[in-house]
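Visitor: First the structure, which I've put down as structure tokens, then a few questions once you've had a look.
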Amino acid sequence: MQKITVVGAGIMGSGIAYTSALNGFSVVLQDIAEASLMKAKNEIEKIAAHSEEKGFITIEQKESALKSISYESELEIAVQEAELVIEAIIENMDVKIELFQKLDRLCHPNTILATNTSSLSPTEIGAQTSRPGKVVAMHFFNPVHKMKLVEIIRGLDTSDDTVEVIKAVTEQLQKESVEVNEFPGFVTSRMNVLIGNEAMNMLMEGVASAEDIDKAIKLGLNHPMGPFEMGDLVGLDTRLRTLEYLYKTLGEKYRPSPLLVKYVKAGRLGKKSGKGVYDYEKE
């Protein structure tokens, strides 16, 4: 497999595209918004330049990766030669299904369709296509070029061949994988949102400051990031959507914190909006 198309030029899509190009794939990054594509191109170039300056990659690797990514707004053009399409759009089932139905019509019958969902059902998505055996979830983590794990989530009808191909792709991306049988939230999201949600409740109750809660989790439990740092990085709106889905499917313990709901209503979404639990506009 040589050709990957990534649909969605947000933080995750850009990261997946850059990491794929850095590891030898020819990549098309697609988004309907030209502004999003240009922003993604700039961010990818910044990441590559920083990595080269720090000695993580050579100048030859940087230049090769940047040349291996093309940017396209038309979905039909973007997926023409794709052997694997990785979707990285909003965490909304209806929107994902609509996209996968389009991909099913536009892509070669042998093309594997993967969703980067953190919690939604690849079984449900695959069932809306003519190729459920070739639909799978690949859950990457942010920032993609640094995080080592990919959760591979097998839908009810995902074929063994598809899983093996995705494992091989993950290995070429220089990442480790875990195979998960589909269940809401998979492994990491179920654990992560509980920690983040409880941290929000503690902040609301005045147990400690956000800074001290993050510090306690990092130094006391050896987490590389505190729950508020992680939430602001992922996006509090994304965190809320995941909790709402898990609350609906798994029950009361996933009820979103009222403070999280309030932050999202106020537009305090994290780093991407300039303010979340922390204020990034001051930086």
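The chains in the structure tokens are called A, B, ... from first to last as shown; in each chain the residues are counted from 1, and the ligands are counted from 1 in the order shown.
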Compile the contact shell of Arg131 in chain A as a ChimeraX atom specification: residues with an atom at most 12 Å away, counting only C-alpha atoms, same-chain residues fewer than 4 positions apart removed.
Guide: /A:100-101,103-105,107-114,122-123,125-127,135-136,155,157-159,162
Visitor: Quick one: residues within 8 Å of Leu269 in chain A, only C-alpha atoms, excluding same-chain residues fewer than 3 positions away - as a PDB file with N, CA and C atoms, in the first residue's frame?
Guide:
ATOM      1  N   ASP A 232      -8.056  20.561  26.842  1.00  0.00           N
ATOM      2  CA  ASP A 232      -7.888  21.754  26.019  1.00  0.00           C
ATOM      3  C   ASP A 232      -7.210  21.422  24.693  1.00  0.00           C
ATOM      4  N   GLY A 235      -9.894  19.399  22.636  1.00  0.00           N
ATOM      5  CA  GLY A 235     -11.067  20.236  22.365  1.00  0.00           C
ATOM      6  C   GLY A 235     -12.190  19.860  23.313  1.00  0.00           C
ATOM      7  N   LEU A 236     -12.650  20.821  24.089  1.00  0.00           N
ATOM      8  CA  LEU A 236     -13.692  20.518  25.069  1.00  0.00           C
ATOM      9  C   LEU A 236     -15.014  20.157  24.392  1.00  0.00           C
ATOM     10  N   ASP A 237     -15.240  20.673  23.189  1.00  0.00           N
ATOM     11  CA  ASP A 237     -16.440  20.291  22.453  1.00  0.00           C
ATOM     12  C   ASP A 237     -16.381  18.837  22.020  1.00  0.00           C
ATOM     13  N   TYR A 263     -18.677  25.537  29.734  1.00  0.00           N
ATOM     14  CA  TYR A 263     -17.522  26.004  28.969  1.00  0.00           C
ATOM     15  C   TYR A 263     -17.780  25.930  27.467  1.00  0.00           C
ATOM     16  N   VAL A 264     -18.360  24.828  27.034  1.00  0.00           N
ATOM     17  CA  VAL A 264     -18.615  24.662  25.599  1.00  0.00           C
ATOM     18  C   VAL A 264     -19.655  25.670  25.121  1.00  0.00           C
ATOM     19  N   LYS A 272      -7.842  25.505  20.390  1.00  0.00           N
ATOM     20  CA  LYS A 272      -8.277  25.921  19.057  1.00  0.00           C
ATOM     21  C   LYS A 272      -9.103  27.196  19.074  1.00  0.00           C
ATOM     22  N   SER A 273      -9.730  27.521  20.206  1.00  0.00           N
ATOM     23  CA  SER A 273     -10.510  28.755  20.309  1.00  0.00           C
ATOM     24  C   SER A 273      -9.764  29.839  21.078  1.00  0.00           C
ATOM     25  N   GLY A 274      -8.590  29.507  21.598  1.00  0.00           N
ATOM     26  CA  GLY A 274      -7.808  30.472  22.357  1.00  0.00           C
ATOM     27  C   GLY A 274      -8.059  30.457  23.848  1.00  0.00           C
ATOM     28  N   LYS A 275      -9.124  29.767  24.262  1.00  0.00           N
ATOM     29  CA  LYS A 275      -9.444  29.700  25.686  1.00  0.00           C
ATOM     30  C   LYS A 275     -10.264  28.451  25.962  1.00  0.00           C
ATOM     31  N   GLY A 276      -9.884  27.742  26.990  1.00  0.00           N
ATOM     32  CA  GLY A 276     -10.643  26.586  27.468  1.00  0.00           C
ATOM     33  C   GLY A 276     -10.648  26.642  28.970  1.00  0.00           C
TER      34      GLY A 276
END
Visitor: Which of range 4-35 of chain A counts as alpha helix (DSSP H) under DSSP, as a list of chain:residue names please?
Guide: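 Assigned to alpha helix (DSSP H), within range 4-35 of chain A: A:Ile11, A:Met12, A:Gly13, A:Ser14, A:Gly15, A:Ile16, A:Ala17, A:Tyr18, A:Thr19, A:Ser20, A:Ala21, A:Leu22, A:Glu34, A:Ala35.
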Visitor: Just the selected residues (all heavy atoms), exported as a tab-separated table (two decimals), in the first residue's frame, please.
Guide:
chain	number	residue	atom	x	y	z
A	11	ILE	N	-6.86	19.40	13.05
A	11	ILE	CA	-5.66	19.01	13.78
A	11	ILE	C	-5.31	17.54	13.56
A	11	ILE	O	-4.17	17.18	13.26
A	11	ILE	CB	-5.83	19.30	15.28
A	11	ILE	CG1	-5.93	20.80	15.54
A	11	ILE	CG2	-4.67	18.72	16.09
A	11	ILE	CD1	-6.30	21.17	16.96
A	12	MET	N	-6.31	16.67	13.68
A	12	MET	CA	-6.05	15.24	13.55
A	12	MET	C	-5.74	14.86	12.11
A	12	MET	O	-4.79	14.13	11.83
A	12	MET	CB	-7.24	14.43	14.06
A	12	MET	CG	-7.48	14.54	15.55
A	12	MET	SD	-6.03	14.07	16.53
A	12	MET	CE	-5.84	12.35	16.08
A	13	GLY	N	-6.53	15.37	11.17
A	13	GLY	CA	-6.29	15.05	9.77
A	13	GLY	C	-4.93	15.50	9.29
A	13	GLY	O	-4.21	14.78	8.58
A	14	SER	N	-4.54	16.71	9.70
A	14	SER	CA	-3.22	17.23	9.32
A	14	SER	C	-2.11	16.36	9.90
A	14	SER	O	-1.12	16.05	9.23
A	14	SER	CB	-3.06	18.67	9.82
A	14	SER	OG	-4.03	19.51	9.26
A	15	GLY	N	-2.29	15.97	11.17
A	15	GLY	CA	-1.29	15.13	11.82
A	15	GLY	C	-1.15	13.77	11.17
A	15	GLY	O	-0.04	13.25	11.00
A	16	ILE	N	-2.28	13.17	10.80
A	16	ILE	CA	-2.26	11.87	10.14
A	16	ILE	C	-1.58	11.98	8.77
A	16	ILE	O	-0.78	11.13	8.37
A	16	ILE	CB	-3.69	11.30	10.00
A	16	ILE	CG1	-4.28	11.01	11.38
A	16	ILE	CG2	-3.69	10.03	9.15
A	16	ILE	CD1	-5.78	10.75	11.37
A	17	ALA	N	-1.91	13.05	8.04
A	17	ALA	CA	-1.32	13.25	6.71
A	17	ALA	C	0.19	13.42	6.81
A	17	ALA	O	0.95	12.79	6.05
A	17	ALA	CB	-1.96	14.47	6.05
A	18	TYR	N	0.65	14.25	7.74
A	18	TYR	CA	2.09	14.49	7.89
A	18	TYR	C	2.83	13.21	8.30
A	18	TYR	O	3.87	12.87	7.72
A	18	TYR	CB	2.32	15.58	8.93
A	18	TYR	CG	3.77	15.72	9.34
A	18	TYR	CD1	4.74	16.15	8.43
A	18	TYR	CD2	4.18	15.40	10.64
A	18	TYR	CE1	6.07	16.26	8.81
A	18	TYR	CE2	5.51	15.52	11.02
A	18	TYR	CZ	6.45	15.94	10.10
A	18	TYR	OH	7.77	16.05	10.47
A	19	THR	N	2.28	12.50	9.27
A	19	THR	CA	2.92	11.28	9.74
A	19	THR	C	2.98	10.23	8.64
A	19	THR	O	3.97	9.51	8.50
A	19	THR	CB	2.17	10.73	10.97
A	19	THR	OG1	2.14	11.74	11.98
A	19	THR	CG2	2.83	9.49	11.52
A	20	SER	N	1.92	10.13	7.85
A	20	SER	CA	1.90	9.18	6.74
A	20	SER	C	2.95	9.53	5.69
A	20	SER	O	3.69	8.65	5.21
A	20	SER	CB	0.51	9.14	6.10
A	20	SER	OG	-0.48	8.75	7.04
A	21	ALA	N	3.05	10.81	5.35
A	21	ALA	CA	4.03	11.24	4.36
A	21	ALA	C	5.45	11.03	4.86
A	21	ALA	O	6.34	10.65	4.10
A	21	ALA	CB	3.81	12.71	4.01
A	22	LEU	N	5.66	11.27	6.15
A	22	LEU	CA	6.99	11.13	6.74
A	22	LEU	C	7.47	9.68	6.70
A	22	LEU	O	8.67	9.41	6.70
A	22	LEU	CB	6.96	11.63	8.18
A	22	LEU	CG	8.29	11.81	8.91
A	22	LEU	CD1	9.17	12.82	8.20
A	22	LEU	CD2	8.05	12.23	10.36
A	34	GLU	N	-11.03	25.57	1.39
A	34	GLU	CA	-9.67	25.90	0.95
A	34	GLU	C	-8.87	26.54	2.09
A	34	GLU	O	-7.67	26.30	2.23
A	34	GLU	CB	-9.73	26.86	-0.24
A	34	GLU	CG	-10.24	26.24	-1.53
A	34	GLU	CD	-9.18	25.39	-2.22
A	34	GLU	OE1	-8.04	25.35	-1.72
A	34	GLU	OE2	-9.49	24.80	-3.27
A	35	ALA	N	-9.54	27.34	2.91
A	35	ALA	CA	-8.86	27.99	4.03
A	35	ALA	C	-8.32	26.96	5.01
A	35	ALA	O	-7.21	27.12	5.55
A	35	ALA	CB	-9.80	28.96	4.74
Visitor: Fewer than 5 positions away in the same chain doesn't count, so skip those; otherwise give me all residues within 12 Å of Ile152 in chain A, counting only C-alpha atoms, as a ChimeraX atom specification.
Guide: /A:114-119,122,135-140,158,160,162-171,175-182,186-188
Visitor: For the residues in that selection, give me N, CA, C and O atoms as a short mmCIF file (atom, residue, chain, number, x, y, z; two decimals), in the first residue's frame.
Guide:
data_model
loop_
_atom_site.label_atom_id
_atom_site.label_comp_id
_atom_site.auth_asym_id
_atom_site.auth_seq_id
_atom_site.Cartn_x
_atom_site.Cartn_y
_atom_site.Cartn_z
N ALA A 114 -11.35 3.90 6.55
CA ALA A 114 -11.11 3.91 8.00
C ALA A 114 -11.63 5.21 8.59
O ALA A 114 -11.51 6.28 7.99
N THR A 115 -12.20 5.11 9.79
CA THR A 115 -12.63 6.29 10.52
C THR A 115 -11.73 6.52 11.72
O THR A 115 -11.36 5.56 12.41
N ASN A 116 -11.37 7.76 11.96
CA ASN A 116 -10.53 8.11 13.10
C ASN A 116 -11.37 8.43 14.33
O ASN A 116 -10.96 9.16 15.21
N THR A 117 -12.55 7.87 14.41
CA THR A 117 -13.43 8.13 15.55
C THR A 117 -12.80 7.70 16.86
O THR A 117 -12.04 6.73 16.92
N SER A 118 -13.14 8.42 17.93
CA SER A 118 -12.67 8.06 19.27
C SER A 118 -13.70 7.26 20.04
O SER A 118 -13.41 6.76 21.12
N SER A 119 -14.92 7.11 19.48
CA SER A 119 -15.95 6.41 20.24
C SER A 119 -17.08 5.81 19.41
O SER A 119 -17.79 4.93 19.88
N PRO A 122 -17.85 1.66 14.16
CA PRO A 122 -17.51 1.33 12.77
C PRO A 122 -18.50 0.33 12.16
O PRO A 122 -18.66 0.27 10.95
N VAL A 135 -14.42 -1.71 6.15
CA VAL A 135 -14.58 -0.53 7.01
C VAL A 135 -14.05 -0.86 8.40
O VAL A 135 -14.37 -1.90 8.97
N VAL A 136 -13.22 0.04 8.94
CA VAL A 136 -12.55 -0.20 10.20
C VAL A 136 -12.34 1.15 10.88
O VAL A 136 -12.44 2.20 10.23
N ALA A 137 -12.05 1.14 12.16
CA ALA A 137 -11.69 2.38 12.86
C ALA A 137 -10.21 2.36 13.18
O ALA A 137 -9.67 1.35 13.65
N MET A 138 -9.54 3.49 12.91
CA MET A 138 -8.16 3.73 13.31
C MET A 138 -8.16 4.96 14.20
O MET A 138 -8.29 6.08 13.70
N HIS A 139 -8.04 4.76 15.50
CA HIS A 139 -8.09 5.88 16.44
C HIS A 139 -6.67 6.35 16.74
O HIS A 139 -5.94 5.71 17.49
N PHE A 140 -6.31 7.48 16.11
CA PHE A 140 -5.02 8.11 16.37
C PHE A 140 -5.13 9.04 17.57
O PHE A 140 -6.22 9.38 18.02
N THR A 158 -16.03 -6.33 9.87
CA THR A 158 -14.68 -6.03 9.39
C THR A 158 -13.91 -7.33 9.17
O THR A 158 -13.85 -8.19 10.05
N ASP A 160 -10.82 -10.07 8.49
CA ASP A 160 -9.47 -10.30 9.04
C ASP A 160 -8.42 -9.67 8.13
O ASP A 160 -7.42 -9.12 8.62
N THR A 162 -8.66 -7.01 6.28
CA THR A 162 -8.64 -5.57 6.50
C THR A 162 -7.85 -5.22 7.76
O THR A 162 -7.01 -4.31 7.75
N VAL A 163 -8.09 -5.96 8.83
CA VAL A 163 -7.38 -5.70 10.08
C VAL A 163 -5.88 -5.91 9.91
O VAL A 163 -5.07 -5.11 10.39
N GLU A 164 -5.50 -6.95 9.20
CA GLU A 164 -4.08 -7.21 8.99
C GLU A 164 -3.42 -6.12 8.16
O GLU A 164 -2.27 -5.73 8.43
N VAL A 165 -4.11 -5.62 7.14
CA VAL A 165 -3.57 -4.52 6.34
C VAL A 165 -3.38 -3.27 7.20
O VAL A 165 -2.34 -2.60 7.14
N ILE A 166 -4.37 -2.97 8.04
CA ILE A 166 -4.29 -1.78 8.89
C ILE A 166 -3.18 -1.94 9.93
O ILE A 166 -2.48 -0.97 10.25
N LYS A 167 -2.97 -3.13 10.43
CA LYS A 167 -1.85 -3.37 11.35
C LYS A 167 -0.52 -3.11 10.65
O LYS A 167 0.40 -2.52 11.24
N ALA A 168 -0.42 -3.54 9.40
CA ALA A 168 0.82 -3.33 8.64
C ALA A 168 1.04 -1.84 8.37
O ALA A 168 2.17 -1.34 8.46
N VAL A 169 -0.02 -1.12 8.04
CA VAL A 169 0.07 0.32 7.83
C VAL A 169 0.52 1.01 9.12
O VAL A 169 1.41 1.87 9.12
N THR A 170 -0.07 0.62 10.24
CA THR A 170 0.28 1.20 11.53
C THR A 170 1.75 0.97 11.85
O THR A 170 2.45 1.87 12.34
N GLU A 171 2.24 -0.22 11.54
CA GLU A 171 3.66 -0.53 11.77
C GLU A 171 4.54 0.35 10.89
O GLU A 171 5.58 0.85 11.34
N LYS A 175 4.26 3.11 14.62
CA LYS A 175 3.41 3.15 15.79
C LYS A 175 3.05 1.75 16.26
O LYS A 175 3.11 0.79 15.50
N GLU A 176 2.66 1.67 17.51
CA GLU A 176 2.16 0.43 18.09
C GLU A 176 0.64 0.42 17.94
O GLU A 176 -0.01 1.47 17.91
N SER A 177 0.07 -0.78 17.86
CA SER A 177 -1.39 -0.88 17.75
C SER A 177 -1.94 -1.83 18.81
O SER A 177 -1.24 -2.71 19.30
N VAL A 178 -3.18 -1.59 19.17
CA VAL A 178 -3.96 -2.55 19.96
C VAL A 178 -5.23 -2.83 19.18
O VAL A 178 -5.80 -1.93 18.56
N GLU A 179 -5.65 -4.08 19.17
CA GLU A 179 -6.88 -4.45 18.47
C GLU A 179 -8.02 -4.51 19.47
O GLU A 179 -7.92 -5.17 20.51
N VAL A 180 -9.09 -3.82 19.14
CA VAL A 180 -10.23 -3.69 20.06
C VAL A 180 -11.49 -4.19 19.37
O VAL A 180 -11.76 -3.82 18.22
N ASN A 181 -12.24 -5.04 20.05
CA ASN A 181 -13.55 -5.41 19.56
C ASN A 181 -14.52 -4.28 19.90
O ASN A 181 -14.55 -3.79 21.03
N GLU A 182 -15.30 -3.88 18.92
CA GLU A 182 -16.10 -2.68 19.08
C GLU A 182 -17.00 -2.72 20.31
O GLU A 182 -17.73 -3.69 20.55
N PHE A 186 -14.45 2.29 23.12
CA PHE A 186 -13.25 1.47 22.93
C PHE A 186 -12.51 1.32 24.26
O PHE A 186 -13.14 1.06 25.28
N VAL A 187 -11.18 1.46 24.27
CA VAL A 187 -10.42 1.35 25.52
C VAL A 187 -10.06 2.73 26.06
O VAL A 187 -10.45 3.11 27.16
N THR A 188 -9.34 3.50 25.27
CA THR A 188 -8.76 4.74 25.79
C THR A 188 -9.79 5.82 26.07
O THR A 188 -9.70 6.52 27.08
#
Visitor: Which of these, A:Met93, A:Glu74, A:Leu233, A:Ser257, has the shortest distance to Phe141 in chain A once you count only C-alpha atoms?
Guide: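 Counting only C-alpha atoms, the residue closest to Phe141 in chain A is A:Leu233.
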Visitor: Among range 60-261 of chain A, which residues carry a DSSP assignment of strand (DSSP E or B), reported as a list of chain:residue names?
Guide: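 So the strand (DSSP E or B) residues in range 60-261 of chain A would be A:Ile69, A:Ser70, A:Tyr71, A:Glu72, A:Leu84, A:Val85, A:Ile86, A:Glu87, A:Ile112, A:Leu113, A:Ala114, A:Thr115, A:Val135, A:Val136, A:Ala137, A:Met138, A:His139, A:Leu149, A:Val150, A:Glu151, A:Ile152, A:Ile153, A:Arg154, A:Glu176, A:Ser177, A:Val178, A:Glu179, A:Val180, A:Asn181.
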Visitor: What's around Met202 in chain A at 12 Å? Count only C-alpha atoms, leave out sequence neighbours fewer than 4 positions away in its own chain, and write the answer as a PyMOL selection string.
Guide: chain A and resi 195-198+206-210+212-214+227-228+257-260
Visitor: Grab the residues selected above and save them as a JSON list (two decimals), in the first residue's frame with N, CA and C atoms.
Guide:
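Final output, again-v4.json:
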[["chain", "number", "residue", "atom", "x", "y", "z"],
["A", 195, "ILE", "N", -11.70, 10.37, 33.54],
["A", 195, "ILE", "CA", -10.73, 11.17, 34.29],
["A", 195, "ILE", "C", -10.97, 12.66, 34.05],
["A", 196, "GLY", "N", -11.13, 13.04, 32.78],
["A", 196, "GLY", "CA", -11.35, 14.45, 32.47],
["A", 196, "GLY", "C", -12.64, 14.98, 33.03],
["A", 197, "ASN", "N", -13.69, 14.17, 33.01],
["A", 197, "ASN", "CA", -14.98, 14.61, 33.51],
["A", 197, "ASN", "C", -14.95, 14.77, 35.04],
["A", 198, "GLU", "N", -14.29, 13.84, 35.72],
["A", 198, "GLU", "CA", -14.18, 13.94, 37.18],
["A", 198, "GLU", "C", -13.33, 15.16, 37.56],
["A", 206, "GLY", "N", -14.66, 23.13, 43.68],
["A", 206, "GLY", "CA", -13.66, 23.88, 44.41],
["A", 206, "GLY", "C", -12.66, 23.03, 45.16],
["A", 207, "VAL", "N", -12.48, 21.78, 44.74],
["A", 207, "VAL", "CA", -11.55, 20.87, 45.42],
["A", 207, "VAL", "C", -10.12, 21.41, 45.31],
["A", 208, "ALA", "N", -9.75, 21.90, 44.15],
["A", 208, "ALA", "CA", -8.42, 22.48, 43.93],
["A", 208, "ALA", "C", -8.47, 23.29, 42.65],
["A", 209, "SER", "N", -7.41, 24.07, 42.41],
["A", 209, "SER", "CA", -7.34, 24.83, 41.17],
["A", 209, "SER", "C", -7.06, 23.89, 40.00],
["A", 210, "ALA", "N", -7.31, 24.38, 38.78],
["A", 210, "ALA", "CA", -7.03, 23.58, 37.59],
["A", 210, "ALA", "C", -5.55, 23.22, 37.53],
["A", 212, "ASP", "N", -3.41, 22.91, 39.99],
["A", 212, "ASP", "CA", -3.02, 21.92, 41.00],
["A", 212, "ASP", "C", -3.61, 20.54, 40.71],
["A", 213, "ILE", "N", -4.79, 20.48, 40.12],
["A", 213, "ILE", "CA", -5.34, 19.18, 39.73],
["A", 213, "ILE", "C", -4.47, 18.56, 38.65],
["A", 214, "ASP", "N", -4.09, 19.35, 37.64],
["A", 214, "ASP", "CA", -3.20, 18.84, 36.60],
["A", 214, "ASP", "C", -1.86, 18.38, 37.19],
["A", 227, "PRO", "N", -5.38, 16.34, 33.11],
["A", 227, "PRO", "CA", -6.66, 16.18, 32.41],
["A", 227, "PRO", "C", -7.16, 17.47, 31.76],
["A", 228, "PHE", "N", -6.84, 18.62, 32.34],
["A", 228, "PHE", "CA", -7.27, 19.88, 31.72],
["A", 228, "PHE", "C", -6.38, 20.24, 30.54],
["A", 257, "SER", "N", -20.09, 16.69, 33.02],
["A", 257, "SER", "CA", -20.03, 17.68, 34.09],
["A", 257, "SER", "C", -20.75, 18.96, 33.65],
["A", 258, "PRO", "N", -21.57, 19.56, 34.52],
["A", 258, "PRO", "CA", -22.22, 20.83, 34.18],
["A", 258, "PRO", "C", -21.22, 21.92, 33.81],
["A", 259, "LEU", "N", -20.02, 21.88, 34.43],
["A", 259, "LEU", "CA", -19.02, 22.90, 34.11],
["A", 259, "LEU", "C", -18.50, 22.72, 32.68],
["A", 260, "LEU", "N", -18.32, 21.49, 32.25],
["A", 260, "LEU", "CA", -17.89, 21.23, 30.87],
["A", 260, "LEU", "C", -18.93, 21.75, 29.89]]
Visitor: Rank A:Val7, A:Ile86, A:Leu173, A:Leu106 by their smallest atom-to-atom distance to Tyr71 in chain A, using only C-alpha atoms, and report the top residue only.
Guide: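 Smallest distance to Tyr71 in chain A is found for A:Val7.
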Visitor: Show which residues sit within 7 Å of range 39-50 of chain A, as a list in words. Count only C-alpha atoms, and ignore same-chain residues fewer than 2 positions away.
Guide: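 In the requested format, the answer is Ala9, Gly10, Ser14, Tyr18, Ala35, Ser36, Leu37, Glu52, Glu53, Lys54 and Lys62 of chain A.
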Visitor: Pick from A:Val144, A:Ile4, A:Gln30, A:Glu98: nearest to Glu124 in chain A, with only C-alpha atoms counted?
Guide: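 Closest to Glu124 in chain A of all the choices is A:Glu98.
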Visitor: So how far away is CA of Glu72 in chain A from CA of Leu149 in chain A, in Å?
Guide: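 Atom-to-atom, CA of Leu149 in chain A and CA of Glu72 in chain A are spaced 27.7 Å apart.
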Visitor: Would you mind listing what lies within 6 Å of Ile69 in chain A as a compact mmCIF listing (two decimals) with C-alpha atoms, in the first residue's frame, with only C-alpha atoms counted and same-chain residues fewer than 3 positions away left out?
Guide:
# COMPACT_ATOMS: atom_id res chain seq x y z
CA VAL A 27 -0.80 11.41 0.69
CA VAL A 28 -3.73 13.54 -0.44
CA LEU A 66 6.39 17.82 2.31
Visitor: Compare A:Val95, A:Met147, A:Thr5, A:Arg154 by their minimum atom-to-atom distance to Gln80 in chain A, counting only C-alpha atoms, and give me the closest one.
Guide: A:Thr5
Visitor: If you measure from CA of Glu81 in chain A to CA of Gln128 in chain A, what distance in Å do you get, rounded to one decimal?
Guide: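 Answer for the CA of Glu81 in chain A to CA of Gln128 in chain A separation: 22.2 Å.
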Visitor: Which one of A:Val277, A:Met204, A:Ile97, A:Ala266 sits closest to Glu229 in chain A if you count only C-alpha atoms?
Guide: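 Once distances to Glu229 in chain A are computed over only C-alpha atoms, the minimum belongs to A:Val277.
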Visitor: Rounded to one decimal in Å, what is the spacing between CA of Ile90 in chain A and CA of Val150 in chain A?
Guide: 18.5 Å
